[in-house]
>>> print(open('entry29.cif').read())   # mmCIF, C-alpha atoms and all ligand atoms
data_my_file
loop_
_atom_site.label_atom_id
_atom_site.label_comp_id
_atom_site.auth_asym_id
_atom_site.auth_seq_id
_atom_site.Cartn_x
_atom_site.Cartn_y
_atom_site.Cartn_z
CA MET A 1 -21.62 -3.68 28.44
CA SER A 2 -19.60 -0.90 26.89
CA ASP A 3 -16.50 0.63 28.37
CA ALA A 4 -18.50 3.78 29.07
CA ASP A 5 -21.07 1.94 31.20
CA VAL A 6 -18.59 0.58 33.73
CA THR A 7 -18.82 2.38 37.06
CA ARG A 8 -15.40 3.82 37.82
CA PRO A 9 -13.87 5.66 40.71
CA ASP A 10 -13.78 9.43 40.37
CA PRO A 11 -10.53 10.06 38.42
CA ALA A 12 -9.95 13.16 40.50
CA SER A 13 -9.38 10.90 43.51
CA ILE A 14 -6.75 8.69 41.81
CA ALA A 15 -3.06 9.50 41.37
CA GLY A 16 -1.68 9.57 37.82
CA HIS A 17 0.40 6.44 38.29
CA GLU A 18 -2.68 4.59 39.52
CA ARG A 19 -4.65 5.67 36.46
CA LEU A 20 -1.87 4.17 34.36
CA ALA A 21 -1.21 1.07 36.48
CA ALA A 22 -3.13 -1.21 34.09
CA PHE A 23 -0.87 -0.21 31.21
CA GLY A 24 2.37 -1.55 32.71
CA GLU A 25 5.52 -1.19 30.58
CA THR A 26 4.91 -0.34 26.92
CA ILE A 27 4.92 -3.33 24.60
CA PHE A 28 7.58 -1.57 22.48
CA ALA A 29 10.01 -1.28 25.38
CA GLU A 30 9.37 -4.91 26.40
CA MET A 31 9.99 -6.24 22.90
CA SER A 32 13.10 -4.12 22.27
CA ALA A 33 14.53 -5.38 25.56
CA LEU A 34 13.73 -8.95 24.47
CA ALA A 35 15.56 -8.39 21.18
CA ALA A 36 18.58 -6.97 23.01
CA ARG A 37 18.59 -9.89 25.46
CA THR A 38 18.23 -12.64 22.86
CA GLY A 39 20.16 -11.08 19.98
CA ALA A 40 17.08 -11.54 17.77
CA LEU A 41 16.43 -9.22 14.80
CA ASN A 42 14.28 -6.43 16.17
CA LEU A 43 11.26 -5.99 13.91
CA GLY A 44 9.26 -4.88 16.95
CA GLN A 45 9.62 -1.23 17.87
CA GLY A 46 9.29 1.05 14.85
CA PHE A 47 12.60 2.74 14.17
CA PRO A 48 14.89 2.68 11.12
CA ASP A 49 18.36 1.13 11.10
CA THR A 50 19.81 3.71 8.71
CA ASP A 51 20.17 7.47 8.84
CA GLY A 52 17.92 9.79 6.91
CA PRO A 53 18.96 12.58 4.50
CA ALA A 54 22.56 13.71 5.11
CA VAL A 55 21.69 17.42 4.72
CA VAL A 56 19.30 17.13 7.65
CA LEU A 57 21.92 15.50 9.88
CA GLU A 58 24.60 17.99 8.78
CA GLU A 59 22.34 20.90 9.64
CA ALA A 60 21.89 19.64 13.20
CA ILE A 61 25.65 19.26 13.60
CA ALA A 62 26.22 22.76 12.19
CA GLN A 63 23.60 24.20 14.53
CA ILE A 64 25.23 22.62 17.58
CA ARG A 65 28.66 23.84 16.51
CA GLY A 66 27.18 27.26 15.75
CA GLY A 67 25.83 27.61 19.28
CA ARG A 68 22.10 26.94 18.89
CA ASN A 69 22.16 25.17 22.23
CA GLN A 70 19.85 27.10 24.53
CA TYR A 71 16.08 27.14 25.10
CA SER A 72 13.84 27.72 22.09
CA PRO A 73 10.98 30.22 21.89
CA GLY A 74 7.74 28.77 23.29
CA MET A 75 6.16 28.09 19.89
CA GLY A 76 9.39 26.73 18.40
CA GLU A 77 12.39 27.95 16.43
CA PRO A 78 11.20 30.42 13.77
CA GLU A 79 12.72 28.45 10.85
CA LEU A 80 10.77 25.35 11.79
CA VAL A 81 7.51 27.19 12.43
CA ALA A 82 7.86 28.78 8.98
CA ALA A 83 8.75 25.41 7.42
CA VAL A 84 5.64 23.76 8.91
CA VAL A 85 3.44 26.59 7.58
CA GLU A 86 4.97 26.10 4.14
CA HIS A 87 4.69 22.29 4.38
CA GLN A 88 0.95 22.40 5.10
CA ARG A 89 0.46 24.79 2.16
CA ARG A 90 2.68 22.87 -0.24
CA TRP A 91 1.29 19.38 0.35
CA TYR A 92 -2.33 20.05 1.34
CA GLY A 93 -3.21 23.65 0.48
CA LEU A 94 -3.83 24.36 4.18
CA ASP A 95 -3.25 27.87 5.50
CA VAL A 96 -1.88 27.87 9.06
CA SER A 97 0.06 31.11 8.65
CA ALA A 98 -1.82 33.23 11.21
CA PRO A 99 0.04 33.83 14.48
CA GLY A 100 -0.36 30.99 16.98
CA GLN A 101 -1.42 28.29 14.52
CA VAL A 102 1.79 26.22 14.68
CA MET A 103 3.57 24.95 17.78
CA VAL A 104 6.66 22.75 17.86
CA THR A 105 6.61 19.93 20.43
CA ALA A 106 8.87 17.21 21.81
CA GLY A 107 7.75 14.69 19.22
CA ALA A 108 4.19 13.90 18.25
CA SER A 109 4.02 12.24 21.66
CA GLU A 110 4.16 15.50 23.57
CA ALA A 111 1.65 17.14 21.24
CA LEU A 112 -0.73 14.24 21.87
CA ALA A 113 -0.20 14.33 25.63
CA ALA A 114 -0.71 18.08 25.84
CA ALA A 115 -3.80 17.94 23.63
CA PHE A 116 -5.48 15.20 25.68
CA LEU A 117 -4.63 16.86 29.00
CA ALA A 118 -5.70 20.27 27.74
CA LEU A 119 -9.02 19.27 26.23
CA LEU A 120 -10.45 16.42 28.33
CA LYS A 121 -12.48 16.62 31.50
CA PRO A 122 -13.01 13.54 33.68
CA GLY A 123 -15.78 11.45 32.11
CA ASP A 124 -15.34 12.87 28.59
CA GLU A 125 -15.29 10.24 25.89
CA VAL A 126 -12.62 9.77 23.25
CA VAL A 127 -13.42 7.91 20.04
CA MET A 128 -10.52 5.94 18.57
CA LEU A 129 -9.99 3.26 15.96
CA GLU A 130 -8.92 -0.14 17.33
CA PRO A 131 -6.16 -1.32 17.11
CA TYR A 132 -4.96 2.01 18.54
CA TYR A 133 -1.51 3.42 19.20
CA ASP A 134 -1.03 2.57 22.88
CA MET A 135 -0.54 6.17 23.91
CA TYR A 136 -4.11 7.18 23.04
CA ALA A 137 -5.58 4.81 25.60
CA ALA A 138 -3.02 5.73 28.26
CA LEU A 139 -3.52 9.46 27.76
CA THR A 140 -7.29 9.10 27.85
CA SER A 141 -7.01 7.34 31.20
CA LEU A 142 -4.47 9.84 32.51
CA ALA A 143 -6.87 12.68 31.71
CA GLY A 144 -9.76 10.83 33.40
CA GLY A 145 -11.52 10.24 30.08
CA VAL A 146 -13.20 7.12 28.72
CA ARG A 147 -12.24 5.49 25.45
CA ARG A 148 -14.80 4.34 22.91
CA THR A 149 -13.18 2.03 20.40
CA VAL A 150 -14.14 1.37 16.79
CA PRO A 151 -12.75 -2.05 15.83
CA MET A 152 -11.14 -2.59 12.45
CA ARG A 153 -10.79 -6.28 11.57
CA PHE A 154 -7.94 -8.15 9.93
CA PRO A 155 -7.13 -8.43 7.04
CA ASP A 156 -8.71 -5.39 5.36
CA PHE A 157 -9.26 -3.34 8.54
CA ALA A 158 -12.38 -1.67 7.11
CA ILE A 159 -14.45 0.65 9.29
CA ASP A 160 -18.06 -0.37 9.85
CA GLU A 161 -20.31 2.68 9.62
CA GLN A 162 -22.79 1.48 12.23
CA VAL A 163 -20.05 0.61 14.70
CA LEU A 164 -18.42 3.99 14.16
CA ARG A 165 -21.70 5.83 14.65
CA ALA A 166 -22.44 3.88 17.83
CA ALA A 167 -19.14 5.03 19.37
CA PHE A 168 -20.30 8.65 19.40
CA SER A 169 -22.54 10.11 22.09
CA GLU A 170 -23.27 13.43 23.71
CA ARG A 171 -20.28 12.70 25.97
CA THR A 172 -17.85 12.55 23.02
CA ARG A 173 -15.27 15.30 23.38
CA LEU A 174 -12.42 14.10 21.19
CA VAL A 175 -11.83 11.89 18.20
CA ILE A 176 -8.23 10.77 17.92
CA LEU A 177 -7.70 9.83 14.31
CA ASN A 178 -4.52 8.14 13.15
CA THR A 179 -4.15 8.00 9.38
CA PRO A 180 -1.92 6.57 7.97
CA HIS A 181 -2.58 4.09 10.73
CA ASN A 182 -0.24 2.29 13.11
CA PRO A 183 -0.27 -0.74 13.34
CA THR A 184 -2.53 -1.70 10.40
CA GLY A 185 -0.90 0.42 7.69
CA ARG A 186 -4.33 1.63 6.55
CA VAL A 187 -4.82 4.95 4.80
CA LEU A 188 -8.39 6.05 5.42
CA THR A 189 -10.47 6.75 2.31
CA ARG A 190 -12.16 10.05 1.62
CA GLU A 191 -15.54 8.41 2.34
CA GLU A 192 -14.35 7.22 5.75
CA MET A 193 -12.90 10.63 6.52
CA GLU A 194 -16.14 12.35 5.51
CA LEU A 195 -18.16 10.06 7.74
CA ILE A 196 -15.91 10.76 10.73
CA ALA A 197 -16.04 14.48 9.95
CA SER A 198 -19.83 14.51 9.84
CA LEU A 199 -20.06 12.66 13.17
CA ALA A 200 -17.54 15.02 14.77
CA LYS A 201 -19.70 17.94 13.67
CA GLU A 202 -22.95 16.29 14.76
CA PHE A 203 -21.57 15.61 18.25
CA ASP A 204 -19.49 18.78 18.42
CA ALA A 205 -16.21 16.93 18.98
CA VAL A 206 -12.67 18.15 18.39
CA VAL A 207 -10.64 15.89 16.08
CA VAL A 208 -7.01 15.37 17.02
CA THR A 209 -5.17 13.78 14.11
CA ASP A 210 -1.93 11.83 14.26
CA GLU A 211 -0.31 12.04 10.85
CA VAL A 212 3.25 10.97 11.63
CA TYR A 213 3.27 8.59 8.62
CA GLU A 214 1.88 11.22 6.22
CA HIS A 215 4.79 10.93 3.75
CA LEU A 216 5.10 7.16 3.85
CA VAL A 217 2.10 6.22 1.70
CA PHE A 218 2.45 3.49 -0.93
CA ASP A 219 0.94 2.43 -4.26
CA ASP A 220 -0.18 5.92 -5.35
CA LEU A 221 -2.69 6.20 -2.51
CA GLU A 222 -3.35 9.65 -1.09
CA HIS A 223 -3.13 10.83 2.50
CA ILE A 224 -6.05 13.16 3.23
CA PRO A 225 -5.60 15.37 6.30
CA MET A 226 -8.85 15.83 8.22
CA ALA A 227 -8.28 19.60 8.31
CA THR A 228 -8.73 19.75 4.51
CA LEU A 229 -12.35 18.54 4.70
CA PRO A 230 -15.05 21.24 4.53
CA GLY A 231 -15.74 22.81 7.90
CA MET A 232 -13.12 20.70 9.69
CA ALA A 233 -10.11 23.04 9.94
CA GLU A 234 -11.80 24.92 12.78
CA ARG A 235 -12.28 21.79 14.91
CA THR A 236 -9.11 19.86 14.06
CA LEU A 237 -5.70 19.76 15.71
CA THR A 238 -3.23 18.23 13.27
CA ILE A 239 -0.16 16.52 14.73
CA SER A 240 2.90 15.23 12.94
CA SER A 241 6.59 14.71 13.54
CA ALA A 242 9.98 14.39 11.89
CA GLY A 243 10.98 11.04 13.37
CA LYS A 244 9.49 8.66 10.84
CA THR A 245 9.79 10.74 7.67
CA PHE A 246 13.47 11.61 8.14
CA SER A 247 14.57 8.52 10.10
CA VAL A 248 15.35 10.54 13.23
CA THR A 249 13.07 8.94 15.80
CA GLY A 250 15.55 9.84 18.54
CA TRP A 251 15.30 13.58 17.88
CA LYS A 252 11.74 13.90 19.15
CA ILE A 253 10.69 16.91 17.12
CA GLY A 254 6.97 17.17 16.37
CA TRP A 255 4.39 19.88 15.81
CA VAL A 256 0.74 20.66 16.15
CA THR A 257 -1.22 22.95 13.85
CA GLY A 258 -4.78 24.19 13.98
CA PRO A 259 -6.99 27.07 15.06
CA ALA A 260 -4.98 29.49 17.21
CA GLU A 261 -7.37 29.16 20.16
CA LEU A 262 -7.09 25.35 20.28
CA VAL A 263 -3.31 25.52 19.85
CA ARG A 264 -3.21 28.03 22.71
CA GLN A 265 -5.07 25.60 24.94
CA VAL A 266 -2.61 22.83 24.07
CA ARG A 267 0.29 25.18 24.73
CA SER A 268 -1.00 25.97 28.20
CA VAL A 269 -0.27 22.33 29.11
CA LYS A 270 2.74 21.76 26.88
CA GLN A 271 4.71 24.58 28.51
CA PHE A 272 4.67 22.53 31.72
CA LEU A 273 5.67 19.27 30.06
CA SER A 274 8.92 19.70 28.08
CA PHE A 275 8.66 23.52 28.26
CA VAL A 276 10.35 23.58 24.84
CA PRO A 277 11.83 20.86 22.62
CA PRO A 278 15.53 20.58 21.69
CA ALA A 279 16.77 23.67 19.83
CA PRO A 280 19.42 22.47 17.34
CA PHE A 281 17.25 19.77 15.77
CA GLN A 282 14.51 22.22 14.87
CA PRO A 283 16.31 24.10 12.06
CA ALA A 284 17.57 20.72 10.85
CA VAL A 285 13.99 19.43 10.56
CA ALA A 286 13.13 22.67 8.75
CA VAL A 287 15.75 21.70 6.15
CA GLY A 288 14.10 18.28 5.88
CA LEU A 289 10.63 19.71 5.35
CA GLY A 290 12.05 21.92 2.61
CA LEU A 291 13.54 19.03 0.62
CA ASP A 292 12.29 18.69 -2.94
CA ASP A 293 9.64 16.24 -4.09
CA ALA A 294 12.27 13.81 -5.38
CA ALA A 295 13.75 13.44 -1.89
CA PHE A 296 10.34 12.63 -0.39
CA GLU A 297 9.74 10.17 -3.23
CA GLN A 298 13.04 8.46 -2.51
CA ILE A 299 12.13 7.99 1.14
CA ARG A 300 8.65 6.69 0.28
CA GLY A 301 9.82 4.46 -2.57
CA GLY A 302 12.59 2.88 -0.51
CA LEU A 303 10.19 1.99 2.25
CA GLN A 304 7.70 0.52 -0.20
CA LYS A 305 10.40 -1.87 -1.49
CA GLN A 306 11.17 -2.85 2.12
CA ARG A 307 7.47 -3.49 2.69
CA ASP A 308 7.38 -5.83 -0.29
CA ILE A 309 10.37 -7.83 0.93
CA LEU A 310 8.83 -8.35 4.36
CA VAL A 311 5.31 -9.15 3.16
CA GLU A 312 6.74 -11.74 0.78
CA GLY A 313 8.97 -13.18 3.49
CA LEU A 314 6.11 -13.51 5.94
CA ARG A 315 3.91 -15.21 3.36
CA ALA A 316 6.70 -17.56 2.32
CA ALA A 317 7.06 -18.52 5.98
CA GLY A 318 3.39 -19.47 6.17
CA LEU A 319 1.87 -16.43 7.89
CA THR A 320 -1.14 -14.63 6.45
CA ALA A 321 0.12 -11.09 5.89
CA SER A 322 -2.00 -8.07 5.05
CA VAL A 323 -0.47 -5.55 2.64
CA PRO A 324 0.03 -2.22 4.41
CA GLN A 325 -0.86 0.89 2.45
CA ALA A 326 1.52 3.10 4.43
CA GLY A 327 3.85 3.44 7.38
CA TYR A 328 6.46 1.19 8.93
CA PHE A 329 4.48 -1.96 9.78
CA VAL A 330 2.83 -5.08 8.43
CA VAL A 331 0.29 -7.09 10.42
CA ALA A 332 0.39 -10.84 9.93
CA ASP A 333 -1.63 -13.72 11.32
CA ALA A 334 0.48 -16.46 12.89
CA ALA A 335 -2.46 -18.86 13.32
CA PRO A 336 -1.49 -20.90 10.21
CA LEU A 337 1.76 -21.71 12.05
CA GLY A 338 -0.16 -23.02 15.03
CA ALA A 339 0.04 -19.89 17.19
CA VAL A 340 -2.89 -19.48 19.57
CA ASP A 341 -1.76 -16.39 21.48
CA ALA A 342 0.32 -13.69 19.80
CA LEU A 343 1.77 -12.37 23.07
CA ASP A 344 3.09 -15.80 23.95
CA PHE A 345 4.24 -16.36 20.35
CA CYS A 346 6.16 -13.03 20.40
CA ARG A 347 7.70 -13.69 23.81
CA THR A 348 8.83 -17.24 23.13
CA THR A 349 8.44 -19.01 19.76
CA LEU A 350 9.33 -16.09 17.49
CA PRO A 351 12.65 -15.14 19.14
CA ALA A 352 13.59 -18.66 20.19
CA THR A 353 12.82 -20.48 16.92
CA ALA A 354 13.29 -17.74 14.33
CA GLY A 355 15.52 -15.20 16.06
CA VAL A 356 13.08 -12.43 15.19
CA VAL A 357 11.11 -10.06 17.39
CA GLY A 358 7.65 -8.68 16.56
CA VAL A 359 4.92 -7.01 18.57
CA PRO A 360 1.57 -8.67 19.41
CA VAL A 361 -1.29 -6.57 18.04
CA SER A 362 -3.21 -7.33 21.26
CA GLY A 363 -1.02 -4.58 22.76
CA PHE A 364 -3.10 -2.14 20.68
CA CYS A 365 -6.52 -3.59 21.49
CA ASP A 366 -9.14 -3.77 24.22
CA ASP A 367 -10.92 -6.75 22.71
CA PRO A 368 -8.75 -9.84 23.31
CA ASP A 369 -10.44 -11.71 20.45
CA ALA A 370 -9.79 -8.98 17.90
CA ALA A 371 -6.13 -9.72 17.50
CA ARG A 372 -5.52 -13.04 19.23
CA THR A 373 -2.93 -14.35 16.77
CA LEU A 374 -1.89 -11.14 15.00
CA VAL A 375 1.70 -9.89 15.06
CA ARG A 376 3.06 -6.53 13.90
CA PHE A 377 6.44 -6.53 12.15
CA ALA A 378 8.43 -3.38 11.28
CA PHE A 379 9.94 -3.10 7.79
CA SER A 380 11.82 0.15 8.54
CA LYS A 381 15.04 -1.87 8.21
CA ARG A 382 17.69 -2.34 5.53
CA PRO A 383 16.68 -4.76 2.73
CA GLU A 384 19.42 -7.20 3.73
CA VAL A 385 18.11 -7.28 7.30
CA LEU A 386 14.58 -7.97 6.04
CA GLU A 387 15.89 -10.71 3.75
CA GLU A 388 17.71 -12.28 6.68
CA ALA A 389 14.51 -12.03 8.73
CA ALA A 390 12.62 -13.72 5.89
CA ARG A 391 15.17 -16.56 5.87
CA ARG A 392 14.91 -16.99 9.61
CA LEU A 393 11.12 -16.95 9.59
CA GLN A 394 11.19 -20.03 7.33
CA SER A 395 12.23 -22.07 10.36
CA LEU A 396 8.82 -21.46 11.97
CA GLY A 397 7.14 -23.81 9.51
CA SER A 398 9.60 -26.67 9.88
N1 LIG A 401 1.93 8.31 16.79
C1 LIG A 401 2.17 7.17 16.14
C2 LIG A 401 1.06 6.54 15.39
C3 LIG A 401 3.44 6.60 16.17
O1 LIG A 401 3.66 5.46 15.54
C4 LIG A 401 4.46 7.24 16.89
C5 LIG A 401 5.83 6.67 16.94
N2 LIG A 401 6.62 7.37 16.03
C6 LIG A 401 4.16 8.43 17.56
C7 LIG A 401 2.89 8.93 17.49
C8 LIG A 401 5.17 9.16 18.36
O2 LIG A 401 5.89 10.03 17.58
P1 LIG A 401 7.17 10.82 18.16
O3 LIG A 401 8.29 9.85 18.22
O4 LIG A 401 7.37 11.94 17.20
O5 LIG A 401 6.79 11.31 19.52
N1 LIG A 402 6.00 4.48 17.37
C1 LIG A 402 6.84 3.35 17.60
C2 LIG A 402 6.11 2.07 17.27
O1 LIG A 402 4.93 2.04 17.04
C3 LIG A 402 7.31 3.19 19.01
C4 LIG A 402 7.51 4.37 19.83
C5 LIG A 402 7.63 3.91 21.25
O2 LIG A 402 8.39 3.01 21.56
N2 LIG A 402 6.83 4.48 22.09
O3 LIG A 402 6.78 1.06 17.28
#
>>> encode(input="entry29.cif", output="structure tokens")
Amino acid sequence: MSDADVTRPDPASIAGHERLAAFGETIFAEMSALAARTGALNLGQGFPDTDGPAVVLEEAIAQIRGGRNQYSPGMGEPELVAAVVEHQRRWYGLDVSAPGQVMVTAGASEALAAAFLALLKPGDEVVMLEPYYDMYAALTSLAGGVRRTVPMRFPDFAIDEQVLRAAFSERTRLVILNTPHNPTGRVLTREEMELIASLAKEFDAVVVTDEVYEHLVFDDLEHIPMATLPGMAERTLTISSAGKTFSVTGWKIGWVTGPAELVRQVRSVKQFLSFVPPAPFQPAVAVGLGLDDAAFEQIRGGLQKQRDILVEGLRAAGLTASVPQAGYFVVADAAPLGAVDALDFCRTTLPATAGVVGVPVSGFCDDPDAARTLVRFAFSKRPEVLEEAARRLQSLGS
């Protein structure tokens, strides 16, 4: 029986906290708390342990000192709106320069929340790849929607065309598409993107894309925004954020771009969430987006080296590690070390024996069998930290 066939109470009769009761505390918060409690190396929650470009940080400091400390305009500080317009043109040839096509948000998270709440009616279906970023499932439930998952299987995480097609129906309202993908590190191919685009058109769905890892793509692969595909700009809301690219996850500056009417609908909700995001960080992120190609290459190249250290360390320790094509994370199978349940392994064996914290991929899945022994590790850490993690992981095999 599919998720959509289950008889559920009318979401309109359930309070928001009840709709989210099944989600509990996020797996990221639980695992960061575990790392803090045990002193283990935190390769769980995805955040860097170094600062990003100094000019970006300096600009924020200068803006605070210069008095940019009050509410922003509703669509965002003009420098950042202009920088996002230029960024979409420079990297993807996308034109979002018409009024109302760009809105700054409190991280990608707020853009996602506002989009789901703005666009979904109770009973609407949302198609998402599985594993999925936990927020997509929670927001679907909060909005009274129903998720339809498209499993991608370890280790190559390919998308099966028939399975994808079967997830769509006349009830499909949204596709939430995350590429580059968290947690698998996959960058979807043009063929996969075209297939999703054609299904979105056939079923008249809006595509919300989460592209927060757009600049962290390895091995000469290419990130293809959905909005660049023929006929898709008019039905796509593109979301990204500064946190991952510029190592400022605590700043919570994101943005959404797309057709002005869809952005307006998202804004109608967003204005009652954060109202507006923090002012002084916005011109600083504008400086970041304006950095030259060499600066983006340095960020990308550094992370790719960190990926290689961690993948090698995991393999040397006896885990089966997939090689991520992008992002902050590697997924590895702990079954060769005797693990039978990744949640249990992450809560006990991993911190106690190795002094390392990871996140069970089951936290991103509906199907308990899909990820039973899979663990996500973050490589957004200094090389020496990853080397120390690799040393510690050796103890798992002994
Ligand atoms: N989407 C994905 C796939 C993420 O990994 C994250 C975490 N950075 C977010 C959204 C949230 O981004 P932000 O911190 O900008 O809200
Ligand atoms: N995006 C981060 C991750 O995947 C976590 C953000 C959060 O804790 N919600 O680890």
>>> closest_residue(input="entry29.cif", among="A:Pro99, A:Gly258, A:Pro277, A:Gly318", to="ligand LIG 401 (chain A)", atoms="only C-alpha atoms and all ligand atoms")
A:Pro277
>>> closest_atom_pairs(input="entry29.cif", of="segment 137-256 of chain A", to="segment 325-343 of chain A", cutoff="6 Å", atoms="only C-alpha atoms", output="tab-separated table")
residue	atom	partner	partner_atom	distance
A:Gly185	CA	A:Ala326	CA	4.9
A:Arg186	CA	A:Gln325	CA	5.4
A:Tyr213	CA	A:Gly327	CA	5.3
A:Leu216	CA	A:Gly327	CA	5.3
A:Val217	CA	A:Ala326	CA	4.2
A:Phe218	CA	A:Gln325	CA	5.4
>>> residues_around(input="entry29.cif", residues="Ala197 of chain A", least_positions_apart="5", cutoff="9 Å", atoms="only C-alpha atoms", output="PDB file with C-alpha atoms, in the coordinates of the input")
ATOM      1  CA  GLU A 192     -14.350   7.220   5.750  1.00  0.00           C
ATOM      2  CA  GLU A 202     -22.950  16.290  14.760  1.00  0.00           C
ATOM      3  CA  VAL A 207     -10.640  15.890  16.080  1.00  0.00           C
ATOM      4  CA  MET A 226      -8.850  15.830   8.220  1.00  0.00           C
ATOM      5  CA  LEU A 229     -12.350  18.540   4.700  1.00  0.00           C
ATOM      6  CA  PRO A 230     -15.050  21.240   4.530  1.00  0.00           C
ATOM      7  CA  GLY A 231     -15.740  22.810   7.900  1.00  0.00           C
ATOM      8  CA  MET A 232     -13.120  20.700   9.690  1.00  0.00           C
TER       9      MET A 232
END
>>> atom_distance(input="entry29.cif", atom1="atom CA of Arg391 of chain A", atom2="atom CA of Ala321 of chain A")
16.0 Å
>>> residues_near_ligand(input="entry29.cif", ligand="ligand LIG 402 (chain A)", cutoff="6 Å", atoms="only C-alpha atoms and all ligand atoms", output="PyMOL selection string")
chain A and resi 28-29+45-46
>>> residues_near_point(input="entry29.cif", point="(10.6, 7.2, 0.2)", cutoff="12 Å", atoms="all atoms listed in the file", output="PyMOL selection string")
chain A and resi 52-53+213-219+244-247+293-307+326-328+380
>>> closest_residue(input="entry29.cif", among="A:Leu289, A:Ile196, A:Ala370, A:Ala108", to="ligand LIG 401 (chain A)", atoms="only C-alpha atoms and all ligand atoms")
A:Ala108
>>> residues_near_ligand(input="entry29.cif", ligand="ligand LIG 401 (chain A)", cutoff="6 Å", atoms="only C-alpha atoms and all ligand atoms", output="mmCIF file with C-alpha atoms, keeping the file's coordinate frame")
data_model
loop_
_atom_site.group_PDB
_atom_site.id
_atom_site.type_symbol
_atom_site.label_atom_id
_atom_site.label_comp_id
_atom_site.auth_asym_id
_atom_site.auth_seq_id
_atom_site.Cartn_x
_atom_site.Cartn_y
_atom_site.Cartn_z
ATOM 1 C CA GLY A 107 7.750 14.690 19.220
ATOM 2 C CA ALA A 108 4.190 13.900 18.250
ATOM 3 C CA SER A 109 4.020 12.240 21.660
ATOM 4 C CA TYR A 133 -1.510 3.420 19.200
ATOM 5 C CA ASN A 182 -0.240 2.290 13.110
ATOM 6 C CA ASP A 210 -1.930 11.830 14.260
ATOM 7 C CA VAL A 212 3.250 10.970 11.630
ATOM 8 C CA SER A 241 6.590 14.710 13.540
ATOM 9 C CA GLY A 243 10.980 11.040 13.370
ATOM 10 C CA THR A 249 13.070 8.940 15.800
ATOM 11 C CA LYS A 252 11.740 13.900 19.150
ATOM 12 C CA ILE A 253 10.690 16.910 17.120
ATOM 13 C CA GLY A 254 6.970 17.170 16.370
#
>>> closest_residue(input="entry29.cif", among="A:Leu142, A:Leu57, A:Met31, A:Val175", to="Ile14 of chain A", atoms="all atoms listed in the file")
A:Leu142
>>> residues_near_point(input="entry29.cif", point="(-15.4, 10.7, 12.2)", cutoff="10 Å", atoms="all atoms listed in the file", output="mmCIF file with C-alpha atoms, keeping the file's coordinate frame")
data_model
loop_
_atom_site.group_PDB
_atom_site.id
_atom_site.type_symbol
_atom_site.label_atom_id
_atom_site.label_comp_id
_atom_site.auth_asym_id
_atom_site.auth_seq_id
_atom_site.Cartn_x
_atom_site.Cartn_y
_atom_site.Cartn_z
ATOM 1 C CA VAL A 127 -13.420 7.910 20.040
ATOM 2 C CA MET A 128 -10.520 5.940 18.570
ATOM 3 C CA LEU A 129 -9.990 3.260 15.960
ATOM 4 C CA GLU A 161 -20.310 2.680 9.620
ATOM 5 C CA LEU A 164 -18.420 3.990 14.160
ATOM 6 C CA ARG A 165 -21.700 5.830 14.650
ATOM 7 C CA ALA A 167 -19.140 5.030 19.370
ATOM 8 C CA PHE A 168 -20.300 8.650 19.400
ATOM 9 C CA VAL A 175 -11.830 11.890 18.200
ATOM 10 C CA ILE A 176 -8.230 10.770 17.920
ATOM 11 C CA LEU A 177 -7.700 9.830 14.310
ATOM 12 C CA GLU A 192 -14.350 7.220 5.750
ATOM 13 C CA MET A 193 -12.900 10.630 6.520
ATOM 14 C CA GLU A 194 -16.140 12.350 5.510
ATOM 15 C CA LEU A 195 -18.160 10.060 7.740
ATOM 16 C CA ILE A 196 -15.910 10.760 10.730
ATOM 17 C CA ALA A 197 -16.040 14.480 9.950
ATOM 18 C CA SER A 198 -19.830 14.510 9.840
ATOM 19 C CA LEU A 199 -20.060 12.660 13.170
ATOM 20 C CA ALA A 200 -17.540 15.020 14.770
ATOM 21 C CA LYS A 201 -19.700 17.940 13.670
ATOM 22 C CA GLU A 202 -22.950 16.290 14.760
ATOM 23 C CA PHE A 203 -21.570 15.610 18.250
ATOM 24 C CA ALA A 205 -16.210 16.930 18.980
ATOM 25 C CA VAL A 207 -10.640 15.890 16.080
ATOM 26 C CA MET A 226 -8.850 15.830 8.220
#
>>> axis_aligned_box(input="entry29.cif", around="segment 92-110 of chain A", padding_each_side="5 Å", output="lines of an AutoDock Vina configuration file")
center_x = 2.5
center_y = 23.0
center_z = 12.0
size_x = 22.7
size_y = 31.6
size_z = 33.1
>>> residues_around(input="entry29.cif", residues="Leu94 of chain A", least_positions_apart="5", cutoff="8 Å", atoms="all atoms listed in the file", output="list in words")
Gln88, Arg89, Ala227 and Thr228 of chain A
>>> write_last_selection(input="entry29.cif", atoms="C-alpha atoms", output="PDB file, in the coordinates of the input")
ATOM      1  CA  GLN A  88       0.950  22.400   5.100  1.00  0.00           C
ATOM      2  CA  ARG A  89       0.460  24.790   2.160  1.00  0.00           C
ATOM      3  CA  ALA A 227      -8.280  19.600   8.310  1.00  0.00           C
ATOM      4  CA  THR A 228      -8.730  19.750   4.510  1.00  0.00           C
TER       5      THR A 228
END
>>> residues_around(input="entry29.cif", residues="Thr348 of chain A", least_positions_apart="5", cutoff="12 Å", atoms="all atoms listed in the file", output="list in words")
Met31, Leu34, Ala35, Thr38, Ala40, Ala339, Asp341, Ala342, Leu343, Thr353, Ala354, Gly355, Val356, Val357, Gly358, Val359, Pro360 and Leu396 of chain A
>>> residues_around(input="entry29.cif", residues="Ala98 of chain A", least_positions_apart="3", cutoff="9 Å", atoms="all atoms listed in the file", output="list in words")
Asp95, Gln101, Val102, Pro259 and Ala260 of chain A
>>> closest_atom_pairs(input="entry29.cif", of="segment 216-304 of chain A", to="segment 114-118 of chain A", cutoff="8 Å", atoms="only C-alpha atoms", output="tab-separated table")
residue	atom	partner	partner_atom	distance
A:Gln265	CA	A:Ala118	CA	6.1
A:Val266	CA	A:Ala115	CA	5.1
A:Arg267	CA	A:Ala114	CA	7.3
A:Ser268	CA	A:Ala118	CA	7.4
A:Val269	CA	A:Ala114	CA	5.4
A:Lys270	CA	A:Ala114	CA	5.2
A:Leu273	CA	A:Ala114	CA	7.7
